[in-house]
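Undergrad: So here's run.csv (CSV, C-alpha atoms).
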```csv
chain,number,residue,atom,x,y,z
A,1285,MET,CA,17.0,82.4,55.2
A,1286,ARG,CA,14.6,81.7,52.4
A,1287,ALA,CA,14.8,78.6,50.3
A,1288,TRP,CA,13.7,78.6,46.7
A,1289,HIS,CA,12.9,75.5,44.6
A,1290,PHE,CA,14.5,75.7,41.1
A,1291,SER,CA,14.4,73.4,38.1
A,1292,GLU,CA,16.0,73.9,34.7
A,1293,ASN,CA,13.0,72.0,33.0
A,1294,ALA,CA,15.5,69.9,31.1
A,1295,TYR,CA,14.7,67.4,28.3
A,1296,HIS,CA,17.0,64.6,29.4
A,1297,LEU,CA,15.9,61.8,27.1
A,1298,LEU,CA,18.6,62.2,24.5
A,1299,PRO,CA,20.6,59.8,22.4
A,1300,ASP,CA,24.2,58.8,23.2
A,1301,PRO,CA,26.3,62.0,23.3
A,1302,LYS,CA,28.6,60.4,20.7
A,1303,GLU,CA,25.8,61.1,18.2
A,1304,TYR,CA,26.0,64.9,18.6
A,1305,ASP,CA,28.8,67.4,19.3
A,1306,SER,CA,26.8,70.0,21.3
A,1307,ILE,CA,23.7,69.9,23.5
A,1308,ARG,CA,23.3,73.7,23.0
A,1309,VAL,CA,22.7,75.8,19.9
A,1310,LYS,CA,22.8,73.2,17.2
A,1311,LEU,CA,21.3,70.0,18.7
A,1312,PRO,CA,18.7,68.9,16.1
A,1313,ASN,CA,15.2,69.2,17.6
A,1314,ARG,CA,14.2,65.9,15.9
A,1315,TYR,CA,15.4,64.4,19.2
A,1316,TYR,CA,12.5,66.2,21.0
A,1317,ASP,CA,9.2,64.4,21.4
A,1318,PRO,CA,6.5,67.0,22.0
A,1319,LYS,CA,4.2,64.5,23.7
A,1320,ILE,CA,6.9,63.6,26.3
A,1321,GLY,CA,7.7,67.3,26.5
A,1322,ALA,CA,4.1,68.2,27.3
A,1323,ASP,CA,4.2,65.7,30.2
A,1324,LEU,CA,7.4,67.2,31.5
A,1325,TYR,CA,6.1,70.7,31.4
A,1326,HIS,CA,3.1,69.7,33.5
A,1327,ARG,CA,5.3,67.7,35.8
A,1328,TYR,CA,7.6,70.6,36.5
A,1329,ILE,CA,4.6,72.9,37.2
A,1330,ASP,CA,3.2,70.3,39.6
A,1331,GLU,CA,6.6,70.3,41.4
A,1332,TRP,CA,6.7,74.1,41.8
A,1333,VAL,CA,3.1,74.0,43.2
A,1334,THR,CA,4.3,71.2,45.6
A,1335,ALA,CA,7.2,73.5,46.6
A,1336,GLU,CA,4.7,76.1,47.6
A,1337,ASP,CA,2.7,73.6,49.6
A,1338,LEU,CA,5.9,72.7,51.5
A,1339,GLY,CA,6.6,76.3,52.4
A,1340,LEU,CA,9.4,76.9,49.8
A,1341,GLU,CA,9.6,79.8,47.4
A,1342,ILE,CA,9.8,79.4,43.6
A,1343,MET,CA,12.5,80.2,41.1
A,1344,VAL,CA,12.4,80.1,37.3
A,1345,ASN,CA,14.9,80.9,34.6
A,1346,GLU,CA,15.0,80.7,30.8
A,1347,HIS,CA,17.4,79.5,28.1
A,1348,HIS,CA,17.3,79.1,24.3
A,1349,GLN,CA,18.1,76.4,21.7
A,1350,THR,CA,19.1,73.8,24.3
A,1351,ALA,CA,17.8,70.6,25.8
A,1352,THR,CA,19.1,71.6,29.2
A,1353,ASN,CA,16.2,74.0,29.6
A,1354,LEU,CA,12.8,74.1,27.9
A,1355,ASN,CA,11.8,77.5,29.1
A,1356,PRO,CA,12.6,79.8,26.1
A,1357,SER,CA,10.2,82.3,27.8
A,1358,GLY,CA,10.5,82.6,31.5
A,1359,PRO,CA,7.7,85.1,31.7
A,1360,ILE,CA,5.2,82.5,30.3
A,1361,ILE,CA,6.0,80.1,33.1
A,1362,MET,CA,5.8,82.9,35.6
A,1363,GLY,CA,2.4,83.8,34.3
A,1364,ILE,CA,1.2,80.2,34.8
A,1365,LEU,CA,2.7,80.1,38.3
A,1366,ALA,CA,1.2,83.5,39.3
A,1367,ARG,CA,-2.2,81.9,38.7
A,1368,GLU,CA,-1.5,78.4,40.0
A,1369,THR,CA,0.1,79.5,43.3
A,1370,LYS,CA,-1.2,81.7,46.1
A,1371,LYS,CA,1.5,82.6,48.6
A,1372,ALA,CA,5.0,81.7,47.4
A,1373,ARG,CA,7.4,84.4,46.2
A,1374,LEU,CA,8.1,84.0,42.5
A,1375,LEU,CA,11.7,84.7,41.4
A,1376,ILE,CA,12.6,84.9,37.7
A,1377,LEU,CA,16.4,84.7,37.5
A,1378,GLY,CA,16.3,85.7,35.0
A,1379,ASN,CA,15.5,88.0,32.2
A,1380,PRO,CA,18.6,88.1,29.8
A,1381,ILE,CA,18.2,91.8,29.1
A,1382,ALA,CA,21.5,92.2,27.3
A,1383,ASN,CA,20.2,89.7,24.7
A,1384,ARG,CA,16.6,91.1,24.5
A,1385,ARG,CA,15.9,93.6,21.8
A,1386,GLU,CA,13.0,95.2,23.6
A,1387,PRO,CA,13.5,96.1,27.3
A,1388,VAL,CA,10.1,97.8,27.3
A,1389,ARG,CA,8.6,94.4,26.6
A,1390,VAL,CA,10.4,93.0,29.6
A,1391,ALA,CA,9.0,95.9,31.8
A,1392,GLU,CA,5.5,95.1,30.5
A,1393,GLU,CA,5.8,91.3,31.0
A,1394,MET,CA,7.1,91.7,34.5
A,1395,ALA,CA,4.5,94.3,35.5
A,1396,MET,CA,1.8,91.9,34.3
A,1397,VAL,CA,3.1,89.0,36.3
A,1398,ASP,CA,3.5,91.2,39.3
A,1399,VAL,CA,-0.2,92.1,39.1
A,1400,TYR,CA,-1.3,88.6,38.4
A,1401,SER,CA,0.5,87.4,41.5
A,1402,ARG,CA,-0.8,90.3,43.6
A,1403,GLY,CA,2.7,91.5,44.3
A,1404,ARG,CA,4.7,88.2,44.8
A,1405,LEU,CA,7.2,88.8,42.0
A,1406,GLU,CA,11.0,89.1,42.3
A,1407,VAL,CA,12.7,90.2,39.1
A,1408,GLY,CA,16.2,88.9,38.2
A,1409,PHE,CA,18.2,90.4,35.5
A,1410,VAL,CA,21.1,88.5,33.9
A,1411,ARG,CA,23.6,89.2,31.1
A,1412,GLY,CA,22.9,85.9,29.4
A,1413,VAL,CA,25.1,82.8,28.9
A,1414,PRO,CA,27.7,82.7,26.1
A,1415,TYR,CA,26.0,79.8,24.4
A,1416,GLU,CA,23.1,82.0,23.4
A,1417,ILE,CA,25.1,84.7,21.7
A,1418,SER,CA,24.9,83.0,18.3
A,1419,ALA,CA,21.5,81.5,19.0
A,1420,GLY,CA,20.1,85.0,19.5
A,1421,ASN,CA,22.2,86.6,16.7
A,1422,HIS,CA,23.8,89.0,19.2
A,1423,ARG,CA,27.2,90.6,19.5
A,1424,PRO,CA,29.3,89.3,22.4
A,1425,THR,CA,31.0,92.7,22.9
A,1426,LYS,CA,29.8,95.6,25.0
A,1427,MET,CA,27.2,93.4,26.6
A,1428,MET,CA,27.4,94.9,30.1
A,1429,GLU,CA,26.9,98.4,28.6
A,1430,ARG,CA,23.8,97.1,26.9
A,1431,PHE,CA,22.7,95.4,30.1
A,1432,TRP,CA,22.8,98.5,32.2
A,1433,GLU,CA,21.1,100.6,29.7
A,1434,ALA,CA,18.3,98.0,29.4
A,1435,HIS,CA,18.1,98.0,33.2
A,1436,ASP,CA,17.8,101.8,33.4
A,1437,LEU,CA,15.0,101.8,30.7
A,1438,ILE,CA,13.0,99.1,32.5
A,1439,LEU,CA,13.3,100.9,35.9
A,1440,LYS,CA,12.1,104.1,34.3
A,1441,ALA,CA,9.2,102.4,32.6
A,1442,TRP,CA,8.1,100.8,35.9
A,1443,THR,CA,8.3,104.1,37.8
A,1444,SER,CA,6.9,106.6,35.3
A,1445,HIS,CA,3.2,107.1,35.8
A,1446,ASP,CA,2.4,110.5,34.1
A,1447,GLY,CA,2.2,109.6,30.5
A,1448,PRO,CA,4.8,108.7,27.8
A,1449,PHE,CA,8.5,109.5,28.0
A,1450,ASN,CA,11.1,109.4,25.3
A,1451,TRP,CA,14.3,107.3,25.4
A,1452,GLU,CA,17.3,107.9,23.2
A,1453,GLY,CA,20.1,105.8,24.4
A,1454,LYS,CA,23.2,104.2,22.9
A,1455,TYR,CA,21.5,100.9,22.3
A,1456,PHE,CA,17.7,101.5,22.6
A,1457,HIS,CA,15.4,104.1,21.1
A,1458,HIS,CA,11.8,104.6,22.1
A,1459,ARG,CA,9.6,107.5,21.2
A,1460,GLN,CA,6.8,106.8,23.6
A,1461,VAL,CA,7.1,104.6,26.7
A,1462,ASN,CA,4.0,104.3,28.8
A,1463,ILE,CA,3.5,100.7,30.0
A,1464,TRP,CA,0.2,99.3,31.0
A,1465,PRO,CA,-0.2,97.7,33.5
A,1466,ARG,CA,2.2,99.2,36.0
A,1467,PRO,CA,3.6,97.0,38.7
A,1468,TYR,CA,1.6,95.9,41.7
A,1469,GLN,CA,4.6,96.5,44.1
A,1470,GLN,CA,5.7,100.0,44.5
A,1471,PRO,CA,7.9,101.5,43.3
A,1472,HIS,CA,8.7,98.2,41.6
A,1473,PRO,CA,9.3,94.5,42.3
A,1474,PRO,CA,12.5,93.6,44.1
A,1475,VAL,CA,15.5,93.3,41.8
A,1476,TRP,CA,18.1,90.5,41.7
A,1477,ILE,CA,21.2,90.4,39.6
A,1478,THR,CA,23.7,87.5,39.1
A,1479,ALA,CA,27.4,88.1,39.5
A,1480,LEU,CA,30.3,85.9,38.6
A,1481,SER,CA,33.1,88.5,39.1
A,1482,PRO,CA,34.1,91.2,41.5
A,1483,ASP,CA,33.5,93.9,38.9
A,1484,SER,CA,29.8,92.9,38.5
A,1485,ALA,CA,29.4,92.5,42.2
A,1486,ARG,CA,30.5,96.2,42.7
A,1487,GLN,CA,27.9,97.4,40.3
A,1488,VAL,CA,25.1,95.4,42.0
A,1489,ALA,CA,26.3,96.7,45.4
A,1490,GLU,CA,26.0,100.3,44.3
A,1491,ARG,CA,22.3,99.8,43.7
A,1492,GLY,CA,21.6,97.7,46.7
A,1493,TYR,CA,20.1,94.8,44.8
A,1494,VAL,CA,20.2,91.1,45.8
A,1495,VAL,CA,23.4,89.6,44.3
A,1496,ALA,CA,23.1,85.9,43.3
A,1497,CYS,CA,25.9,83.4,42.7
A,1498,PHE,CA,25.3,80.2,40.9
A,1499,LEU,CA,27.7,77.2,41.5
A,1500,THR,CA,30.6,79.5,42.4
A,1501,GLY,CA,31.8,77.4,45.3
A,1502,PHE,CA,33.5,78.5,48.5
A,1503,GLN,CA,36.1,80.9,47.2
A,1504,GLY,CA,34.2,82.4,44.3
A,1505,THR,CA,31.2,83.1,46.4
A,1506,LYS,CA,33.2,84.6,49.2
A,1507,THR,CA,35.1,86.9,46.8
A,1508,ILE,CA,31.8,88.2,45.3
A,1509,PHE,CA,30.1,88.7,48.6
A,1510,GLU,CA,33.1,90.4,50.2
A,1511,THR,CA,33.4,92.7,47.1
A,1512,TYR,CA,29.8,93.7,47.5
A,1513,ARG,CA,30.2,94.5,51.2
A,1514,ALA,CA,33.4,96.4,50.5
A,1515,ARG,CA,31.9,98.5,47.8
A,1516,ARG,CA,29.0,99.5,50.0
A,1517,ALA,CA,31.5,100.6,52.7
A,1518,GLU,CA,33.6,102.4,50.2
A,1519,LEU,CA,30.6,104.5,49.2
A,1520,GLY,CA,29.5,105.2,52.7
A,1521,LEU,CA,26.3,103.2,52.2
A,1522,PRO,CA,24.6,101.1,54.9
A,1523,ALA,CA,26.1,97.6,55.4
A,1524,PRO,CA,24.0,95.0,53.5
A,1525,ALA,CA,21.8,92.6,55.4
A,1526,THR,CA,22.1,88.9,54.6
A,1527,ASP,CA,18.9,89.1,52.5
A,1528,ARG,CA,21.1,90.9,49.9
A,1529,PHE,CA,23.0,87.7,49.2
A,1530,ALA,CA,21.8,84.5,47.4
A,1531,TYR,CA,23.7,81.3,46.6
A,1532,ALA,CA,22.5,78.6,44.2
A,1533,ALA,CA,23.7,74.9,44.5
A,1534,LEU,CA,22.5,71.4,43.6
A,1535,VAL,CA,20.8,70.0,46.7
A,1536,TYR,CA,19.3,66.6,47.4
A,1537,THR,CA,18.2,65.4,50.8
A,1538,GLY,CA,17.7,61.7,51.4
A,1539,GLU,CA,16.8,59.7,54.5
A,1540,THR,CA,20.4,58.5,54.6
A,1541,ASP,CA,23.6,59.8,53.2
A,1542,GLU,CA,23.7,57.1,50.6
A,1543,GLU,CA,20.2,58.1,49.4
A,1544,GLY,CA,21.1,61.7,49.3
A,1545,TYR,CA,24.3,61.0,47.3
A,1546,ALA,CA,22.3,58.9,44.8
A,1547,GLY,CA,19.9,61.7,44.2
A,1548,ALA,CA,22.7,64.2,43.8
A,1549,ARG,CA,24.4,62.0,41.2
A,1550,LYS,CA,21.3,62.2,39.1
A,1551,LEU,CA,21.3,66.0,39.6
A,1552,LEU,CA,24.8,66.2,38.2
A,1553,TRP,CA,23.4,65.3,34.8
A,1554,TYR,CA,23.0,69.0,34.5
A,1555,VAL,CA,26.8,69.5,34.5
A,1556,GLU,CA,27.9,66.2,32.9
A,1557,SER,CA,25.6,66.6,29.9
A,1558,ASN,CA,26.8,70.1,29.1
A,1559,LYS,CA,28.7,69.1,26.0
A,1560,VAL,CA,29.4,72.3,24.1
A,1561,PRO,CA,32.3,73.2,21.6
A,1562,PRO,CA,34.5,76.2,22.4
A,1563,GLN,CA,33.0,78.5,19.7
A,1564,PHE,CA,29.8,78.5,21.8
A,1565,THR,CA,31.3,78.5,25.3
A,1566,ASN,CA,33.6,81.5,24.8
A,1567,PRO,CA,32.7,83.7,21.8
A,1568,PRO,CA,35.3,86.4,21.1
A,1569,GLY,CA,34.7,89.4,23.3
A,1570,TYR,CA,32.3,87.8,25.7
A,1571,GLN,CA,34.9,87.4,28.5
A,1572,PRO,CA,37.7,89.8,29.5
A,1573,ILE,CA,41.0,88.8,27.9
A,1574,ALA,CA,42.6,87.9,31.3
A,1575,THR,CA,39.7,85.6,32.1
A,1576,THR,CA,40.0,83.8,28.8
A,1577,VAL,CA,43.8,83.4,29.1
A,1578,SER,CA,43.5,81.9,32.6
A,1579,ALA,CA,40.8,79.5,31.5
A,1580,MET,CA,42.9,78.4,28.5
A,1581,LYS,CA,45.9,77.8,30.8
A,1582,GLY,CA,43.7,75.8,33.1
A,1583,SER,CA,44.6,78.1,36.0
A,1584,VAL,CA,41.0,78.8,37.0
A,1585,GLY,CA,40.2,75.9,39.4
A,1586,ILE,CA,36.5,75.9,39.2
A,1587,TYR,CA,36.6,75.8,35.4
A,1588,LYS,CA,38.8,72.7,35.6
A,1589,MET,CA,36.4,71.0,37.9
A,1590,PHE,CA,33.5,71.6,35.5
A,1591,GLN,CA,35.5,69.8,32.8
A,1592,ASN,CA,35.6,66.6,34.8
A,1593,PRO,CA,32.7,66.8,37.3
A,1594,THR,CA,32.4,64.4,40.1
A,1595,LEU,CA,30.1,64.4,43.1
A,1596,GLU,CA,33.0,64.3,45.5
A,1597,SER,CA,34.7,67.4,44.0
A,1598,PHE,CA,31.5,69.3,43.8
A,1599,MET,CA,30.6,68.5,47.4
A,1600,GLU,CA,34.1,69.4,48.6
A,1601,ASN,CA,33.9,72.8,46.9
A,1602,GLY,CA,30.4,73.7,48.0
A,1603,LEU,CA,28.6,73.3,44.7
A,1604,VAL,CA,26.5,70.3,45.9
A,1605,PHE,CA,24.8,69.8,49.3
A,1606,ALA,CA,23.7,66.2,49.7
A,1607,GLY,CA,23.1,63.4,52.2
A,1608,ASN,CA,20.8,63.0,55.1
A,1609,PRO,CA,19.1,66.0,56.6
A,1610,ASP,CA,21.9,66.6,59.2
A,1611,SER,CA,24.6,66.3,56.6
A,1612,VAL,CA,22.8,68.7,54.3
A,1613,TYR,CA,22.4,71.2,57.1
A,1614,ARG,CA,26.1,71.0,58.1
A,1615,GLN,CA,27.2,71.5,54.5
A,1616,ILE,CA,25.0,74.5,54.0
A,1617,MET,CA,26.2,76.0,57.3
A,1618,LYS,CA,29.8,75.5,56.3
A,1619,MET,CA,29.2,77.6,53.2
A,1620,TYR,CA,27.1,80.1,55.1
A,1621,GLN,CA,29.8,80.7,57.7
A,1622,HIS,CA,32.6,80.8,55.1
A,1623,VAL,CA,31.0,83.6,53.1
A,1624,GLY,CA,29.7,85.7,56.0
A,1625,GLY,CA,26.1,84.7,55.6
A,1626,PHE,CA,23.5,84.8,52.9
A,1627,GLY,CA,19.7,85.2,53.0
A,1628,HIS,CA,18.6,83.0,50.1
A,1629,LEU,CA,19.4,79.4,49.2
A,1630,LEU,CA,18.5,78.7,45.5
A,1631,ILE,CA,18.0,74.9,45.4
A,1632,MET,CA,18.4,73.1,42.1
A,1633,GLY,CA,16.5,70.1,43.3
A,1634,GLN,CA,15.5,68.6,40.0
A,1635,ALA,CA,17.6,67.7,37.0
A,1636,GLY,CA,18.4,64.8,34.6
A,1637,PHE,CA,17.0,61.4,35.5
A,1638,LEU,CA,15.7,62.4,38.9
A,1639,GLU,CA,12.1,61.1,38.8
A,1640,HIS,CA,9.1,63.0,40.0
A,1641,GLU,CA,8.7,60.9,43.2
A,1642,GLU,CA,12.4,61.3,44.0
A,1643,THR,CA,12.2,65.1,43.4
A,1644,VAL,CA,9.2,65.5,45.7
A,1645,LYS,CA,10.8,63.3,48.4
A,1646,GLY,CA,14.0,65.4,48.4
A,1647,MET,CA,12.0,68.6,48.6
A,1648,LYS,CA,9.9,67.2,51.5
A,1649,LEU,CA,12.9,66.0,53.5
A,1650,PHE,CA,14.6,69.4,53.0
A,1651,ALA,CA,11.5,71.4,53.9
A,1652,GLN,CA,10.6,69.3,56.9
A,1653,GLU,CA,14.1,68.4,58.4
A,1654,VAL,CA,16.6,71.1,57.1
A,1655,TYR,CA,14.7,74.3,56.4
A,1656,PRO,CA,13.4,74.9,59.9
A,1657,ARG,CA,16.9,75.1,61.1
A,1658,LEU,CA,17.9,77.7,58.5
A,1659,LYS,CA,15.1,80.2,58.7
A,1660,ASP,CA,16.4,82.3,61.6
A,1661,LEU,CA,20.1,82.4,61.1
A,1662,SER,CA,22.3,85.4,62.0
A,1663,PRO,CA,25.3,86.5,59.9
A,1664,GLY,CA,27.5,84.5,62.2
A,1665,GLY,CA,25.5,81.4,61.6
A,1666,VAL,CA,23.8,81.3,65.0
A,1667,PRO,CA,20.1,80.5,65.1
```
Kindly return the structure encoded in the file as structure tokens.

TA:
Amino acid sequence: MRAWHFSENAYHLLPDPKEYDSIRVKLPNRYYDPKIGADLYHRYIDEWVTAEDLGLEIMVNEHHQTATNLNPSGPIIMGILARETKKARLLILGNPIANRREPVRVAEEMAMVDVYSRGRLEVGFVRGVPYEISAGNHRPTKMMERFWEAHDLILKAWTSHDGPFNWEGKYFHHRQVNIWPRPYQQPHPPVWITALSPDSARQVAERGYVVACFLTGFQGTKTIFETYRARRAELGLPAPATDRFAYAALVYTGETDEEGYAGARKLLWYVESNKVPPQFTNPPGYQPIATTVSAMKGSVGIYKMFQNPTLESFMENGLVFAGNPDSVYRQIMKMYQHVGGFGHLLIMGQAGFLEHEETVKGMKLFAQEVYPRLKDLSPGGVP
């Protein structure tokens, strides 16, 4: 198993939530202090470099018009890390290509980072969260059609080396595509795609990419991983190895259970602070009708849990792994065995009011006391 350190790069120093009705899209940026923000940017870079020193890999993402994430351009952070680090794999999860108007620009940016890092890049593609539909002035319908066309264009741009080609698709039109530089890794960097539903898992499985689940808990993750495996079998394709599966959770390792729980409660700011009105959480057409109806009825368990988050419920459902090193290891193994194994643990190890020293301590304890026991797991959970 590979472990990846991930931070949302949040700006957590906000007024009382009663003063605003949404932390995303429309939160006035007068609440942002650029001097404090500059310190935070440098702090988060330092923590990623520390992660590499501890033997962890590095994960970055991007979001827009929100205090929950100050990376409106993931590729810029990746470019910095490509220079500041030397050996860690660099995962961007991801590029919201259904919301980007220029997939060719994504192909160029990722090729450049791959060359800067001398082939350490892992490229994640995501549809994009619903909050950013209006922020990016996009249509919420037909997003997956747009996503896969953007994907196809990027892959063709990466793998075409004999001069310009023409692209006339449903959503994108380019007369001459001929990117410079081309990727360092051949034929292209490894591709990851997030999945929150069986349908998206099937499409990822057909291409053999890494499928990543974020805070989907025991049952949601198991359903997605099993769907991926079943689709591969249905098509007569080789069974996927554990390195095709990734799971993201909030993780904090302390010297004692109490210290681990205290750190995890600070991490939960990421969920507790996500105050967003319904017009941004579910724009018409973004979700299938059945999913929207179930959520409105309150019949989707994990959605109900996010409405009233507690450390106990998140730990019980496998969204948080926290405690002393032995406790964290047992919790991860419980998830690992429940879903049939996974090869990547995406660790959200910094959020909210978790200070730099606390973040580094949690990373160190995990890297030194937990990670060695996870590196050589078999699908059945046996070292």

Undergrad: Mind checking which residues fall within 10 Å of Gly1339 of chain A, counting all atoms listed in the file, ignoring those fewer than 5 positions away in the same chain, and posting them as a ChimeraX atom specification?

TA: /A:1286-1288,1334,1371-1372,1648,1651-1652,1655

Undergrad: Work out how far apart atom CA of Ile1508 of chain A and atom CA of Thr1594 of chain A are and give it in Å to one decimal.

TA: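 Going from atom CA of Ile1508 of chain A over to atom CA of Thr1594 of chain A covers 24.4 Å.
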
Undergrad: Counting only C-alpha atoms, which residues in segment 1391-1425 of chain A sit no more than 9 Å from segment 1357-1369 of chain A? For each one, give the nearest pair of atoms and the distance in Å, sorted by chain then residue number, as a tab-separated table.

TA:
```
residue	atom	partner	partner_atom	distance
A:Glu1393	CA	A:Pro1359	CA	6.5
A:Met1394	CA	A:Pro1359	CA	7.2
A:Met1396	CA	A:Gly1363	CA	8.1
A:Val1397	CA	A:Gly1363	CA	5.6
A:Asp1398	CA	A:Ala1366	CA	8.0
A:Val1399	CA	A:Ala1366	CA	8.7
A:Tyr1400	CA	A:Ala1366	CA	5.8
A:Ser1401	CA	A:Ala1366	CA	4.5
A:Arg1402	CA	A:Ala1366	CA	8.3
A:Arg1404	CA	A:Ala1366	CA	8.0
A:Leu1405	CA	A:Ala1366	CA	8.4
```

Undergrad: Give me the residues of segment 1466-1564 of chain A that have any atom at most 7 Å from an atom of segment 1627-1639 of chain A; for each, the nearest atom pair and the distance in Å, rounded to one decimal. Use all atoms listed in the file, sort by chain and number, and format it as a tab-separated table.

TA:
```
residue	atom	partner	partner_atom	distance
A:Thr1526	CA	A:Gly1627	CA	4.7
A:Asp1527	CA	A:Gly1627	CA	4.0
A:Arg1528	CA	A:Gly1627	CA	6.6
A:Phe1529	CA	A:Gly1627	CA	5.6
A:Ala1530	CA	A:His1628	CA	4.4
A:Tyr1531	CA	A:Leu1629	CA	5.4
A:Ala1532	CA	A:Leu1630	CA	4.2
A:Ala1533	CA	A:Ile1631	CA	5.8
A:Leu1534	CA	A:Met1632	CA	4.7
A:Val1535	CA	A:Gly1633	CA	5.5
A:Tyr1536	CA	A:Gly1633	CA	6.1
A:Gly1547	CA	A:Leu1638	CA	6.8
A:Lys1550	CA	A:Leu1638	CA	5.6
A:Leu1551	CA	A:Ala1635	CA	4.8
A:Trp1553	CA	A:Gly1636	CA	5.0
A:Tyr1554	CA	A:Ala1635	CA	6.1
```

Undergrad: Measuring atom to atom with only C-alpha atoms, identify which of A:Lys1645, A:Arg1657, A:Lys1319, A:Arg1466 is nearest to Val1388 of chain A.

TA: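 Once distances to Val1388 of chain A are computed over only C-alpha atoms, the minimum belongs to A:Arg1466.
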
Undergrad: Can you tell me, as a PDB file with C-alpha atoms, in the coordinates of the input, what residues are no more than 7 Å from segment 1421-1428 of chain A when counting all atoms listed in the file, ignoring any on the same chain fewer than 3 positions away?

TA:
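Output file around-v9.pdb is given in full below:
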```pdb
ATOM      1  CA  ALA A1382      21.500  92.200  27.300  1.00  0.00           C
ATOM      2  CA  ASN A1383      20.200  89.700  24.700  1.00  0.00           C
ATOM      3  CA  ARG A1411      23.600  89.200  31.100  1.00  0.00           C
ATOM      4  CA  ILE A1417      25.100  84.700  21.700  1.00  0.00           C
ATOM      5  CA  SER A1418      24.900  83.000  18.300  1.00  0.00           C
ATOM      6  CA  PHE A1431      22.700  95.400  30.100  1.00  0.00           C
ATOM      7  CA  TRP A1432      22.800  98.500  32.200  1.00  0.00           C
ATOM      8  CA  PRO A1567      32.700  83.700  21.800  1.00  0.00           C
ATOM      9  CA  PRO A1568      35.300  86.400  21.100  1.00  0.00           C
ATOM     10  CA  GLY A1569      34.700  89.400  23.300  1.00  0.00           C
ATOM     11  CA  TYR A1570      32.300  87.800  25.700  1.00  0.00           C
TER      12      TYR A1570
END
```

Undergrad: Name the closest residue to Arg1430 of chain A among the candidates A:Glu1386, A:Glu1642, A:Glu1518, A:Glu1596; distances are taken between atoms, counting all atoms listed in the file.

TA: A:Glu1386

Undergrad: Would you mind telling me which residue in A:Gln1571, A:Thr1443, A:Thr1500, A:Gln1487 lies nearest to Met1619 of chain A when using all atoms listed in the file?

TA: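 Going through A:Gln1571, A:Thr1443, A:Thr1500, A:Gln1487 one by one, the smallest distance to Met1619 of chain A is for A:Thr1500.
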
Undergrad: Could you jot down the atom CA of Arg1513 of chain A to atom CA of Ser1481 of chain A separation for me, Å, one decimal place?

TA: 13.8 Å

Undergrad: With a distance cut-off of 10 Å and all atoms listed in the file, select the neighbouring residues of Asp1305 of chain A, excluding the residue or stretch itself and same-chain residues fewer than 5 positions from it, and output the selection as an NGL selection string.

TA: :A and (1310-1311 or 1559-1561)

Undergrad: Using all atoms listed in the file for the distances, tell me which of A:Gly1504, A:Gly1420, A:Pro1522, A:Pro1473 is nearest to Gly1492 of chain A.

TA: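 Checking each candidate against Gly1492 of chain A, we get A:Pro1522 as the closest.
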
Undergrad: Return the single residue from A:Pro1572, A:Pro1593, A:Pro1474, A:Gly1625 that is closest to Phe1502 of chain A, with distances computed using only C-alpha atoms.

TA: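 Once distances to Phe1502 of chain A are computed over only C-alpha atoms, the minimum belongs to A:Gly1625.
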
Undergrad: Compile the contact shell of Ser1611 of chain A as a list in words: residues with an atom at most 9 Å away, counting only C-alpha atoms, same-chain residues fewer than 6 positions apart removed.

TA: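 Here the qualifying residues turn out to be Thr1537, Asp1541 and Phe1605 of chain A.
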
Undergrad: List as number ranges by chain: which residues have an atom within 7 Å of (10.5, 94.0, 33.1), counting only C-alpha atoms?

TA: A: 1387-1395, 1438

Undergrad: What is the atom CA of Ile1329 of chain A-atom CA of Val1495 of chain A distance in Å, reported with one decimal?

TA: 26.1 Å

Undergrad: Which of these residues is nearest to Pro1299 of chain A, using only C-alpha atoms: A:Ala1351, A:Ala1434, A:Ala1606, A:Leu1595?

TA: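 Once distances to Pro1299 of chain A are computed over only C-alpha atoms, the minimum belongs to A:Ala1351.
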
Undergrad: Distance cut-off 7 Å, centre (4.3, 94.6, 48.5) in file coordinates, counting all atoms listed in the file: which residues qualify? Return them as JSON, numbers by chain.

TA: {"A": [1403, 1469, 1470]}

Undergrad: Skipping near chain neighbours, those fewer than 4 positions away, what residues fall within 12 Å of Asp1446 of chain A using all atoms listed in the file, listed as an NGL selection string?

TA: :A and (1440-1442 or 1460-1464 or 1466)
